[in-house]
>>> print(open('my_file-v6.txt').read())   # compact mmCIF, C-alpha atoms
# COMPACT_ATOMS: atom_id res chain seq x y z
CA MET K 291 11.85 2.85 -2.54
CA PRO K 292 11.79 1.24 -6.00
CA SER K 293 14.55 -1.17 -6.87
CA SER K 294 15.32 -4.05 -9.15
CA PHE K 295 17.95 -6.71 -8.93
CA LEU K 296 19.60 -9.58 -10.75
CA PRO K 297 20.81 -12.82 -9.13
CA ALA K 298 24.31 -12.34 -7.80
CA SER K 299 26.65 -13.73 -5.16
CA PRO K 300 27.25 -11.61 -2.06
CA SER K 301 30.51 -9.71 -1.86
CA PRO K 302 33.07 -11.64 0.26
CA ASP K 303 33.82 -8.40 2.16
CA VAL K 304 30.24 -8.16 3.36
CA PHE K 305 29.99 -11.67 4.73
CA SER K 306 33.14 -11.68 6.81
CA THR K 307 33.15 -11.82 10.61
CA SER K 308 34.38 -8.22 10.92
CA LEU K 309 32.08 -5.21 10.71
CA PRO K 310 31.36 -4.59 7.02
CA SER K 311 32.14 -1.13 5.74
CA ARG K 312 29.55 1.07 4.07
CA ASP K 313 31.45 0.73 0.79
CA SER K 314 31.37 -3.06 0.94
CA VAL K 315 27.62 -3.04 1.63
CA VAL K 316 27.05 -0.67 -1.31
CA ALA K 317 29.23 -2.89 -3.52
CA ALA K 318 27.25 -6.01 -2.59
CA LEU K 319 23.92 -4.31 -3.26
CA ARG K 320 25.12 -2.79 -6.52
CA GLY K 321 26.47 -6.17 -7.60
CA ALA K 322 23.02 -7.63 -7.00
CA GLY K 323 21.52 -5.00 -9.30
CA CYS K 324 19.98 -2.67 -6.69
CA VAL K 325 19.46 0.62 -8.49
CA PHE K 326 19.49 2.71 -5.29
CA ALA K 327 22.40 0.87 -3.66
CA GLU K 328 23.72 3.86 -1.68
CA ASP K 329 20.32 4.75 -0.23
CA GLU K 330 19.52 1.14 0.58
CA ALA K 331 22.90 0.64 2.24
CA ALA K 332 22.27 3.62 4.53
CA LEU K 333 18.89 2.22 5.59
CA ILE K 334 20.24 -1.29 6.16
CA LEU K 335 23.24 -0.02 8.12
CA ASN K 336 20.96 2.10 10.28
CA ALA K 337 18.74 -0.92 10.98
CA SER K 338 21.62 -3.15 12.05
CA ARG K 339 22.87 -3.34 15.62
CA THR K 340 25.63 -5.92 15.12
CA ALA K 341 27.87 -7.14 12.33
CA ALA K 342 26.00 -10.45 12.27
CA GLU K 343 22.67 -8.68 11.90
CA LEU K 344 24.02 -6.48 9.12
CA THR K 345 25.37 -9.52 7.32
CA ALA K 346 21.98 -11.23 7.53
CA LEU K 347 20.08 -8.18 6.26
CA VAL K 348 22.41 -7.65 3.30
CA GLU K 349 22.26 -11.34 2.43
CA ARG K 350 18.46 -11.26 2.39
CA ARG K 351 18.45 -8.22 0.13
CA VAL K 352 20.95 -9.52 -2.41
CA THR K 353 19.07 -12.80 -2.69
CA GLY K 354 15.93 -10.92 -3.77
CA LEU K 355 13.85 -10.05 -0.70
CA PRO K 356 12.22 -6.62 -1.16
CA LEU K 357 13.92 -3.87 0.82
CA GLU K 358 10.78 -3.14 2.86
CA LEU K 359 10.62 -6.75 4.04
CA VAL K 360 14.33 -6.69 4.86
CA LEU K 361 13.81 -3.62 7.03
CA GLY K 362 10.39 -4.66 8.35
CA TRP K 363 8.81 -1.32 7.45
CA ALA K 364 7.90 0.96 4.55
CA GLU K 365 7.77 4.76 4.58
CA PHE K 366 4.35 6.18 3.77
CA ARG K 367 3.52 9.88 4.15
CA GLY K 368 6.29 10.25 6.72
CA LEU K 369 5.14 7.24 8.76
CA ARG K 370 6.96 3.98 9.29
CA ILE K 371 4.42 1.32 8.40
CA ALA K 372 5.29 -2.16 9.59
CA VAL K 373 5.17 -4.78 6.85
CA ALA K 374 5.52 -8.53 6.98
CA PRO K 375 6.04 -11.41 4.53
CA GLY K 376 2.90 -12.04 2.49
CA VAL K 377 1.46 -8.56 3.06
CA PHE K 378 1.07 -5.98 0.29
CA VAL K 379 3.73 -3.25 0.60
CA PRO K 380 2.25 0.28 0.40
CA ARG K 381 3.30 2.23 -2.71
CA ARG K 382 4.38 5.84 -2.67
CA ARG K 383 1.87 6.66 -5.43
CA THR K 384 -0.95 5.75 -3.04
CA GLU K 385 0.01 8.80 -0.98
CA PHE K 386 -1.86 10.75 -3.66
CA LEU K 387 -5.08 8.92 -2.76
CA VAL K 388 -4.64 10.02 0.86
CA SER K 389 -4.02 13.62 -0.21
CA GLU K 390 -7.18 13.63 -2.32
CA ALA K 391 -9.21 12.17 0.54
CA LEU K 392 -7.99 14.87 2.91
CA ALA K 393 -8.66 17.61 0.36
CA HIS K 394 -12.27 16.49 0.02
CA ALA K 395 -12.97 15.74 3.69
CA PRO K 396 -10.44 17.57 5.89
CA HIS K 397 -12.69 17.19 8.92
CA ALA K 398 -13.77 13.57 8.41
CA ASP K 399 -15.00 11.82 11.54
CA VAL K 400 -15.38 8.27 10.20
CA VAL K 401 -12.77 6.63 7.97
CA VAL K 402 -12.78 3.18 6.40
CA ASP K 403 -9.68 1.61 4.80
CA LEU K 404 -11.03 -1.23 2.65
CA CYS K 405 -8.63 -3.81 1.15
CA CYS K 406 -6.37 -2.34 3.79
CA GLY K 407 -3.28 -4.52 3.45
CA SER K 408 -0.84 -3.16 6.03
CA GLY K 409 -3.29 -0.44 7.03
CA ALA K 410 -1.04 2.30 5.64
CA VAL K 411 -3.88 4.39 4.20
CA GLY K 412 -5.89 4.24 7.41
CA ALA K 413 -2.84 5.10 9.50
CA ALA K 414 -1.98 8.08 7.28
CA LEU K 415 -5.53 9.41 7.42
CA ALA K 416 -5.66 8.95 11.18
CA ALA K 417 -2.39 10.89 11.56
CA ALA K 418 -3.68 13.80 9.46
CA LEU K 419 -7.20 14.08 10.88
CA ASP K 420 -8.41 15.07 14.34
CA ARG K 421 -8.92 11.75 16.13
CA PRO K 422 -11.22 10.11 13.58
CA GLU K 423 -13.02 6.84 14.08
CA VAL K 424 -10.95 4.45 11.95
CA HIS K 425 -12.03 1.08 10.58
CA ALA K 426 -10.19 -1.23 8.20
CA ALA K 427 -10.83 -4.59 6.57
CA ASP K 428 -9.04 -7.16 4.45
CA VAL K 429 -9.77 -10.68 3.31
CA ASP K 430 -6.20 -11.83 4.04
CA PRO K 431 -5.50 -12.87 7.67
CA ALA K 432 -1.83 -11.84 7.41
CA ALA K 433 -2.86 -8.35 6.32
CA VAL K 434 -5.41 -8.09 9.13
CA HIS K 435 -2.77 -8.99 11.70
CA CYS K 436 -0.32 -6.45 10.27
CA ALA K 437 -2.92 -3.68 10.02
CA ARG K 438 -3.99 -4.17 13.63
CA GLY K 439 -0.46 -3.35 14.72
CA ASN K 440 -0.20 -0.30 12.48
CA LEU K 441 -3.59 1.09 13.52
CA ALA K 442 -3.35 0.34 17.22
CA ASP K 443 -2.13 3.82 18.20
CA ALA K 444 -5.05 5.38 16.31
CA GLY K 445 -7.54 3.11 18.06
CA GLY K 446 -8.39 1.58 14.70
CA ARG K 447 -10.58 -1.50 14.43
CA VAL K 448 -9.56 -4.05 11.82
CA TYR K 449 -11.87 -6.77 10.53
CA ALA K 450 -11.29 -9.93 8.52
CA GLY K 451 -13.64 -10.57 5.63
CA ASP K 452 -14.63 -9.89 2.04
CA LEU K 453 -15.07 -6.15 1.43
CA PHE K 454 -18.19 -4.70 3.10
CA GLU K 455 -19.18 -8.05 4.57
CA ALA K 456 -16.43 -7.54 7.12
CA LEU K 457 -17.73 -4.20 8.38
CA PRO K 458 -20.25 -3.70 11.20
CA ASP K 459 -23.71 -2.58 10.06
CA THR K 460 -23.46 0.40 12.40
CA LEU K 461 -21.19 2.06 9.80
CA ARG K 462 -23.90 2.18 7.13
CA GLY K 463 -24.56 5.75 6.03
CA ARG K 464 -21.84 7.15 8.34
CA VAL K 465 -18.55 6.90 6.42
CA ASP K 466 -16.95 10.22 5.44
CA ILE K 467 -13.89 8.74 3.72
CA LEU K 468 -14.03 5.28 2.16
CA ALA K 469 -10.58 4.48 0.77
CA ALA K 470 -10.36 1.22 -1.14
CA ASN K 471 -6.96 0.30 -2.52
CA VAL K 472 -8.40 -2.55 -4.56
CA PRO K 473 -6.36 -4.94 -6.70
CA TYR K 474 -6.44 -3.77 -10.31
CA VAL K 475 -3.91 -5.84 -12.27
CA PRO K 476 -5.65 -7.88 -15.00
CA THR K 477 -5.29 -11.61 -14.35
CA GLY K 478 -3.33 -12.17 -17.53
CA GLU K 479 -0.77 -9.52 -16.58
CA VAL K 480 0.05 -10.64 -13.04
CA GLY K 481 2.93 -12.72 -14.38
CA LEU K 482 4.45 -9.60 -15.92
CA LEU K 483 4.77 -7.78 -12.60
CA PRO K 484 8.22 -7.15 -11.09
CA ALA K 485 9.49 -10.10 -9.08
CA GLU K 486 9.25 -8.10 -5.85
CA ALA K 487 5.46 -8.00 -6.22
CA ARG K 488 4.90 -11.26 -8.08
CA ASP K 489 6.98 -13.43 -5.75
CA HIS K 490 6.44 -11.75 -2.39
CA GLU K 491 2.95 -10.25 -2.28
CA PRO K 492 -0.38 -12.09 -2.05
CA LEU K 493 -2.20 -12.72 -5.32
CA VAL K 494 -5.45 -11.50 -3.79
CA ALA K 495 -3.90 -8.03 -3.40
CA LEU K 496 -2.81 -7.89 -7.04
CA ASP K 497 -5.26 -9.77 -9.27
CA GLY K 498 -8.27 -7.64 -10.21
CA GLY K 499 -9.91 -10.11 -12.60
CA SER K 500 -10.03 -10.31 -16.38
CA ASP K 501 -9.83 -6.55 -16.95
CA GLY K 502 -8.55 -5.62 -13.51
CA LEU K 503 -11.77 -3.96 -12.40
CA ASP K 504 -13.80 -6.77 -10.85
CA VAL K 505 -13.23 -5.68 -7.24
CA LEU K 506 -13.53 -1.99 -8.10
CA ARG K 507 -17.00 -2.56 -9.58
CA ARG K 508 -18.14 -4.42 -6.47
CA VAL K 509 -16.89 -1.64 -4.20
CA ALA K 510 -18.47 1.12 -6.30
CA ALA K 511 -21.85 -0.63 -6.46
CA ALA K 512 -22.10 -1.07 -2.69
CA ALA K 513 -20.39 2.13 -1.51
CA PRO K 514 -23.41 4.51 -1.59
CA GLY K 515 -25.10 2.53 1.15
CA TRP K 516 -22.13 3.06 3.46
CA LEU K 517 -21.21 6.66 2.70
CA ALA K 518 -22.53 9.57 4.72
CA PRO K 519 -24.13 12.40 2.73
CA GLY K 520 -21.19 14.17 1.10
CA GLY K 521 -18.92 11.22 1.91
CA CYS K 522 -16.38 10.10 -0.69
CA LEU K 523 -15.13 6.84 -2.13
CA LEU K 524 -11.57 6.84 -3.47
CA VAL K 525 -9.99 4.07 -5.51
CA GLU K 526 -6.63 3.93 -7.24
CA THR K 527 -6.50 2.62 -10.80
CA SER K 528 -4.33 2.79 -13.91
CA GLU K 529 -4.42 5.32 -16.73
CA ARG K 530 -5.86 2.87 -19.24
CA GLN K 531 -8.55 1.66 -16.81
CA ALA K 532 -9.53 5.11 -15.61
CA ALA K 533 -12.43 5.72 -18.02
CA ASP K 534 -14.07 2.38 -17.20
CA ALA K 535 -13.51 2.97 -13.48
CA VAL K 536 -15.18 6.38 -13.70
CA GLY K 537 -18.09 4.72 -15.50
CA ALA K 538 -18.51 2.19 -12.70
CA PHE K 539 -18.66 4.97 -10.11
CA THR K 540 -21.14 6.98 -12.15
CA ARG K 541 -23.44 3.99 -12.63
CA ALA K 542 -23.45 3.55 -8.85
CA GLY K 543 -24.95 7.02 -8.55
CA LEU K 544 -21.84 8.82 -7.31
CA THR K 545 -20.75 12.25 -8.49
CA THR K 546 -17.42 11.27 -9.96
CA ARG K 547 -14.15 12.80 -11.04
CA LEU K 548 -10.67 11.54 -11.92
CA ALA K 549 -7.61 13.00 -10.18
CA VAL K 550 -4.15 12.51 -11.69
CA CYS K 551 -0.67 13.10 -10.27
CA GLU K 552 1.91 13.00 -13.05
CA ASP K 553 4.87 12.97 -10.64
CA LEU K 554 3.71 9.78 -8.93
CA TYR K 555 1.98 8.40 -12.03
CA ALA K 556 -1.11 8.01 -9.86
CA HIS K 557 -4.74 7.91 -10.99
CA VAL K 558 -7.46 8.11 -8.35
CA VAL K 559 -11.19 7.91 -9.01
CA ILE K 560 -13.25 9.91 -6.51
CA GLY K 561 -16.98 9.44 -6.08
CA VAL K 562 -19.16 11.54 -3.77
CA ARG K 563 -22.55 10.66 -2.37
CA ASP K 564 -24.70 13.75 -2.92
>>> encode(input="my_file-v6.txt", output="structure tokens")
Amino acid sequence: MPSSFLPASPSPDVFSTSLPSRDSVVAALRGAGCVFAEDEAALILNASRTAAELTALVERRVTGLPLELVLGWAEFRGLRIAVAPGVFVPRRRTEFLVSEALAHAPHADVVVDLCCGSGAVGAALAAALDRPEVHAADVDPAAVHCARGNLADAGGRVYAGDLFEALPDTLRGRVDILAANVPYVPTGEVGLLPAEARDHEPLVALDGGSDGLDVLRRVAAAAPGWLAPGGCLLVETSERQAADAVGAFTRAGLTTRLAVCEDLYAHVVIGVRD
């Protein structure tokens, strides 16, 4: 759930020893600049078992911790995805990437979630498909640990390493859906990101190089060797980077198209191995 906040002191009502009221929680969150104070208050109240726990959760939120890290989970395609400090929080717009993957390969048997972060994309695909073989990889150890928990019920295997180097060779030529939520913020613009991303998420999950497409190009170039015939590669990008991203896919020999969801402001490049 998107939110923004300004530094503020917690409401005295919230941090008393008695059970805080819903109104006092809303007032504290609104005073801290939370745009969706009522919705956030409901989630925080639901997550709290005691007055002390509620006090601690509200205090963390008003001092700037992202809501998902306060709760310990993020909603993604109806799933509760566990998140942890230092792990990229899945965005709602990335649900569009999952929808496009399922539209192209509704009967996929082998799924890879590359640059997996929390493993949200892999978990969502596993939930929608009929017991697929699920693999995921990330270069960040914290993300790998988090993804292993989120993919455990699906029997997913999560590897630590740099892109395809992390994957077992037995996957070459077998992957039906290769979802790669690569970093795509240009290096010079990372400092302009909202504080929730800039201060709480790993740089490796945000910084995509000078034009934001360094990792995308690497993934596109290597993907054909891992895709099964008819398999698809899907990568999220921005509107202004979309044309260059499509070009990178095309140069890799993939049949490429751009899918756009105006409601989520999502742009997904899809490349198919013929």
>>> atom_distance(input="my_file-v6.txt", atom1="atom CA of Val550 of chain K", atom2="atom CA of Gly537 of chain K")
16.4 Å
>>> closest_residue(input="my_file-v6.txt", among="K:Ala331, K:Leu496, K:Ala318, K:Ala341", to="Glu479 of chain K", atoms="all atoms listed in the file")
K:Leu496
>>> residues_around(input="my_file-v6.txt", residues="segment 412-417 of chain K", least_positions_apart="6", cutoff="8 Å", atoms="all atoms listed in the file", output="list in words")
Phe366, Arg367, Leu369, Val388, Leu392, Val401, Val402, Asp403, Cys406, Val424, His425, Ala426, Asn440, Leu441 and Ala444 of chain K
>>> closest_residue(input="my_file-v6.txt", among="K:Arg312, K:Arg382, K:Arg320, K:Arg508", to="Leu344 of chain K", atoms="all atoms listed in the file")
K:Arg312
>>> residues_around(input="my_file-v6.txt", residues="segment 524-536 of chain K", least_positions_apart="3", cutoff="6 Å", atoms="only C-alpha atoms", output="ChimeraX atom specification")
/K:469-471,539,557-560
>>> write_last_selection(input="my_file-v6.txt", atoms="C-alpha atoms", output="mmCIF file, in the coordinates of the input")
data_model
loop_
_atom_site.group_PDB
_atom_site.id
_atom_site.type_symbol
_atom_site.label_atom_id
_atom_site.label_comp_id
_atom_site.auth_asym_id
_atom_site.auth_seq_id
_atom_site.Cartn_x
_atom_site.Cartn_y
_atom_site.Cartn_z
ATOM 1 C CA ALA K 469 -10.580 4.480 0.770
ATOM 2 C CA ALA K 470 -10.360 1.220 -1.140
ATOM 3 C CA ASN K 471 -6.960 0.300 -2.520
ATOM 4 C CA PHE K 539 -18.660 4.970 -10.110
ATOM 5 C CA HIS K 557 -4.740 7.910 -10.990
ATOM 6 C CA VAL K 558 -7.460 8.110 -8.350
ATOM 7 C CA VAL K 559 -11.190 7.910 -9.010
ATOM 8 C CA ILE K 560 -13.250 9.910 -6.510
#
>>> closest_residue(input="my_file-v6.txt", among="K:Gly498, K:Pro492, K:Gly323, K:Gly409", to="Ala427 of chain K", atoms="all atoms listed in the file")
K:Gly409
>>> closest_residue(input="my_file-v6.txt", among="K:Val472, K:Val315, K:Val465, K:Leu482", to="Arg563 of chain K", atoms="all atoms listed in the file")
K:Val465
>>> atom_distance(input="my_file-v6.txt", atom1="atom CA of Thr353 of chain K", atom2="atom CA of Leu319 of chain K")
9.8 Å
>>> closest_residue(input="my_file-v6.txt", among="K:Gly478, K:Pro422, K:Pro473, K:Gly439", to="Leu453 of chain K", atoms="all atoms listed in the file")
K:Pro473
>>> closest_residue(input="my_file-v6.txt", among="K:Leu335, K:Ala410, K:Cys405, K:Leu457", to="Pro431 of chain K", atoms="only C-alpha atoms")
K:Cys405
>>> axis_aligned_box(input="my_file-v6.txt", around="segment 528-542 of chain K", padding_each_side="8 Å", output="AutoDock Vina command-line options")
--center_x -13.9 --center_y 4.3 --center_z -14.0 --size_x 35.1 --size_y 21.3 --size_z 26.4
>>> atom_distance(input="my_file-v6.txt", atom1="atom CA of Ser311 of chain K", atom2="atom CA of Ala364 of chain K")
24.4 Å
>>> residues_around(input="my_file-v6.txt", residues="Arg488 of chain K", least_positions_apart="2", cutoff="12 Å", atoms="only C-alpha atoms", output="PyMOL selection string")
chain K and resi 354-356+376-379+475+477+479-486+490-497
>>> residues_near_point(input="my_file-v6.txt", point="(-18.7, 10.1, 2.2)", cutoff="7 Å", atoms="only C-alpha atoms", output="list of chain:residue names")
K:Val465, K:Asp466, K:Ile467, K:Leu468, K:Leu517, K:Ala518, K:Pro519, K:Gly520, K:Gly521, K:Cys522, K:Leu523, K:Val562, K:Arg563
>>> write_last_selection(input="my_file-v6.txt", atoms="C-alpha atoms", output="mmCIF file, in the coordinates of the input")
data_model
loop_
_atom_site.group_PDB
_atom_site.id
_atom_site.type_symbol
_atom_site.label_atom_id
_atom_site.label_comp_id
_atom_site.auth_asym_id
_atom_site.auth_seq_id
_atom_site.Cartn_x
_atom_site.Cartn_y
_atom_site.Cartn_z
ATOM 1 C CA VAL K 465 -18.550 6.900 6.420
ATOM 2 C CA ASP K 466 -16.950 10.220 5.440
ATOM 3 C CA ILE K 467 -13.890 8.740 3.720
ATOM 4 C CA LEU K 468 -14.030 5.280 2.160
ATOM 5 C CA LEU K 517 -21.210 6.660 2.700
ATOM 6 C CA ALA K 518 -22.530 9.570 4.720
ATOM 7 C CA PRO K 519 -24.130 12.400 2.730
ATOM 8 C CA GLY K 520 -21.190 14.170 1.100
ATOM 9 C CA GLY K 521 -18.920 11.220 1.910
ATOM 10 C CA CYS K 522 -16.380 10.100 -0.690
ATOM 11 C CA LEU K 523 -15.130 6.840 -2.130
ATOM 12 C CA VAL K 562 -19.160 11.540 -3.770
ATOM 13 C CA ARG K 563 -22.550 10.660 -2.370
#
>>> residues_around(input="my_file-v6.txt", residues="Leu419 of chain K", least_positions_apart="6", cutoff="10 Å", atoms="all atoms listed in the file", output="ChimeraX atom specification")
/K:392,395-399,401
>>> build_atoms(input="my_file-v6.txt", residues="segment 339-350 of chain K", atoms="all heavy atoms", output="PDB file, in the coordinates of the input")
ATOM      1  N   ARG K 339      22.228  -3.622  14.340  1.00  0.00           N
ATOM      2  CA  ARG K 339      22.870  -3.340  15.620  1.00  0.00           C
ATOM      3  C   ARG K 339      24.207  -4.053  15.769  1.00  0.00           C
ATOM      4  O   ARG K 339      25.049  -3.644  16.554  1.00  0.00           O
ATOM      5  CB  ARG K 339      21.937  -3.765  16.758  1.00  0.00           C
ATOM      6  CG  ARG K 339      20.678  -2.908  16.875  1.00  0.00           C
ATOM      7  CD  ARG K 339      19.634  -3.535  17.754  1.00  0.00           C
ATOM      8  NE  ARG K 339      19.124  -4.766  17.166  1.00  0.00           N
ATOM      9  CZ  ARG K 339      18.133  -5.498  17.686  1.00  0.00           C
ATOM     10  NH1 ARG K 339      17.567  -5.119  18.814  1.00  0.00           N
ATOM     11  NH2 ARG K 339      17.729  -6.604  17.086  1.00  0.00           N
ATOM     12  N   THR K 340      24.389  -5.156  15.036  1.00  0.00           N
ATOM     13  CA  THR K 340      25.630  -5.920  15.120  1.00  0.00           C
ATOM     14  C   THR K 340      26.090  -6.293  13.721  1.00  0.00           C
ATOM     15  O   THR K 340      25.317  -6.223  12.749  1.00  0.00           O
ATOM     16  CB  THR K 340      25.421  -7.222  15.923  1.00  0.00           C
ATOM     17  OG1 THR K 340      24.517  -8.074  15.196  1.00  0.00           O
ATOM     18  CG2 THR K 340      24.838  -6.937  17.315  1.00  0.00           C
ATOM     19  N   ALA K 341      27.342  -6.715  13.618  1.00  0.00           N
ATOM     20  CA  ALA K 341      27.870  -7.140  12.330  1.00  0.00           C
ATOM     21  C   ALA K 341      27.108  -8.350  11.805  1.00  0.00           C
ATOM     22  O   ALA K 341      26.824  -8.456  10.603  1.00  0.00           O
ATOM     23  CB  ALA K 341      29.359  -7.481  12.463  1.00  0.00           C
ATOM     24  N   ALA K 342      26.733  -9.260  12.695  1.00  0.00           N
ATOM     25  CA  ALA K 342      26.000 -10.450  12.270  1.00  0.00           C
ATOM     26  C   ALA K 342      24.622 -10.075  11.721  1.00  0.00           C
ATOM     27  O   ALA K 342      24.159 -10.632  10.719  1.00  0.00           O
ATOM     28  CB  ALA K 342      25.851 -11.423  13.443  1.00  0.00           C
ATOM     29  N   GLU K 343      23.978  -9.114  12.370  1.00  0.00           N
ATOM     30  CA  GLU K 343      22.670  -8.680  11.900  1.00  0.00           C
ATOM     31  C   GLU K 343      22.775  -7.985  10.553  1.00  0.00           C
ATOM     32  O   GLU K 343      21.954  -8.198   9.658  1.00  0.00           O
ATOM     33  CB  GLU K 343      22.051  -7.734  12.938  1.00  0.00           C
ATOM     34  CG  GLU K 343      20.577  -7.459  12.722  1.00  0.00           C
ATOM     35  CD  GLU K 343      19.966  -6.698  13.879  1.00  0.00           C
ATOM     36  OE1 GLU K 343      20.236  -5.482  13.977  1.00  0.00           O
ATOM     37  OE2 GLU K 343      19.249  -7.314  14.678  1.00  0.00           O
ATOM     38  N   LEU K 344      23.804  -7.160  10.399  1.00  0.00           N
ATOM     39  CA  LEU K 344      24.020  -6.480   9.120  1.00  0.00           C
ATOM     40  C   LEU K 344      24.269  -7.492   8.016  1.00  0.00           C
ATOM     41  O   LEU K 344      23.715  -7.381   6.914  1.00  0.00           O
ATOM     42  CB  LEU K 344      25.203  -5.518   9.240  1.00  0.00           C
ATOM     43  CG  LEU K 344      25.630  -4.795   7.970  1.00  0.00           C
ATOM     44  CD1 LEU K 344      24.473  -3.998   7.377  1.00  0.00           C
ATOM     45  CD2 LEU K 344      26.810  -3.877   8.253  1.00  0.00           C
ATOM     46  N   THR K 345      25.084  -8.481   8.302  1.00  0.00           N
ATOM     47  CA  THR K 345      25.370  -9.520   7.320  1.00  0.00           C
ATOM     48  C   THR K 345      24.091 -10.218   6.880  1.00  0.00           C
ATOM     49  O   THR K 345      23.857 -10.441   5.695  1.00  0.00           O
ATOM     50  CB  THR K 345      26.346 -10.557   7.913  1.00  0.00           C
ATOM     51  OG1 THR K 345      27.587  -9.931   8.169  1.00  0.00           O
ATOM     52  CG2 THR K 345      26.556 -11.724   6.960  1.00  0.00           C
ATOM     53  N   ALA K 346      23.229 -10.531   7.852  1.00  0.00           N
ATOM     54  CA  ALA K 346      21.980 -11.230   7.530  1.00  0.00           C
ATOM     55  C   ALA K 346      21.065 -10.362   6.681  1.00  0.00           C
ATOM     56  O   ALA K 346      20.449 -10.847   5.720  1.00  0.00           O
ATOM     57  CB  ALA K 346      21.287 -11.657   8.819  1.00  0.00           C
ATOM     58  N   LEU K 347      20.957  -9.074   7.017  1.00  0.00           N
ATOM     59  CA  LEU K 347      20.080  -8.180   6.260  1.00  0.00           C
ATOM     60  C   LEU K 347      20.566  -8.006   4.819  1.00  0.00           C
ATOM     61  O   LEU K 347      19.769  -8.045   3.873  1.00  0.00           O
ATOM     62  CB  LEU K 347      19.984  -6.821   6.943  1.00  0.00           C
ATOM     63  CG  LEU K 347      19.315  -6.792   8.323  1.00  0.00           C
ATOM     64  CD1 LEU K 347      19.283  -5.374   8.863  1.00  0.00           C
ATOM     65  CD2 LEU K 347      17.904  -7.370   8.273  1.00  0.00           C
ATOM     66  N   VAL K 348      21.866  -7.810   4.650  1.00  0.00           N
ATOM     67  CA  VAL K 348      22.410  -7.650   3.300  1.00  0.00           C
ATOM     68  C   VAL K 348      22.206  -8.931   2.498  1.00  0.00           C
ATOM     69  O   VAL K 348      21.831  -8.897   1.319  1.00  0.00           O
ATOM     70  CB  VAL K 348      23.900  -7.266   3.351  1.00  0.00           C
ATOM     71  CG1 VAL K 348      24.492  -7.242   1.943  1.00  0.00           C
ATOM     72  CG2 VAL K 348      24.073  -5.907   4.010  1.00  0.00           C
ATOM     73  N   GLU K 349      22.422 -10.060   3.133  1.00  0.00           N
ATOM     74  CA  GLU K 349      22.260 -11.340   2.430  1.00  0.00           C
ATOM     75  C   GLU K 349      20.820 -11.522   1.954  1.00  0.00           C
ATOM     76  O   GLU K 349      20.572 -11.971   0.832  1.00  0.00           O
ATOM     77  CB  GLU K 349      22.676 -12.496   3.335  1.00  0.00           C
ATOM     78  CG  GLU K 349      22.742 -13.837   2.619  1.00  0.00           C
ATOM     79  CD  GLU K 349      23.392 -14.907   3.470  1.00  0.00           C
ATOM     80  OE1 GLU K 349      23.297 -14.826   4.705  1.00  0.00           O
ATOM     81  OE2 GLU K 349      24.010 -15.810   2.898  1.00  0.00           O
ATOM     82  N   ARG K 350      19.857 -11.141   2.789  1.00  0.00           N
ATOM     83  CA  ARG K 350      18.460 -11.260   2.390  1.00  0.00           C
ATOM     84  C   ARG K 350      18.150 -10.362   1.198  1.00  0.00           C
ATOM     85  O   ARG K 350      17.432 -10.740   0.276  1.00  0.00           O
ATOM     86  CB  ARG K 350      17.535 -10.891   3.557  1.00  0.00           C
ATOM     87  CG  ARG K 350      17.529 -11.896   4.686  1.00  0.00           C
ATOM     88  CD  ARG K 350      16.763 -11.377   5.881  1.00  0.00           C
ATOM     89  NE  ARG K 350      17.061 -12.157   7.071  1.00  0.00           N
ATOM     90  CZ  ARG K 350      16.908 -11.716   8.312  1.00  0.00           C
ATOM     91  NH1 ARG K 350      16.438 -10.487   8.518  1.00  0.00           N
ATOM     92  NH2 ARG K 350      17.208 -12.483   9.333  1.00  0.00           N
TER      93      ARG K 350
END
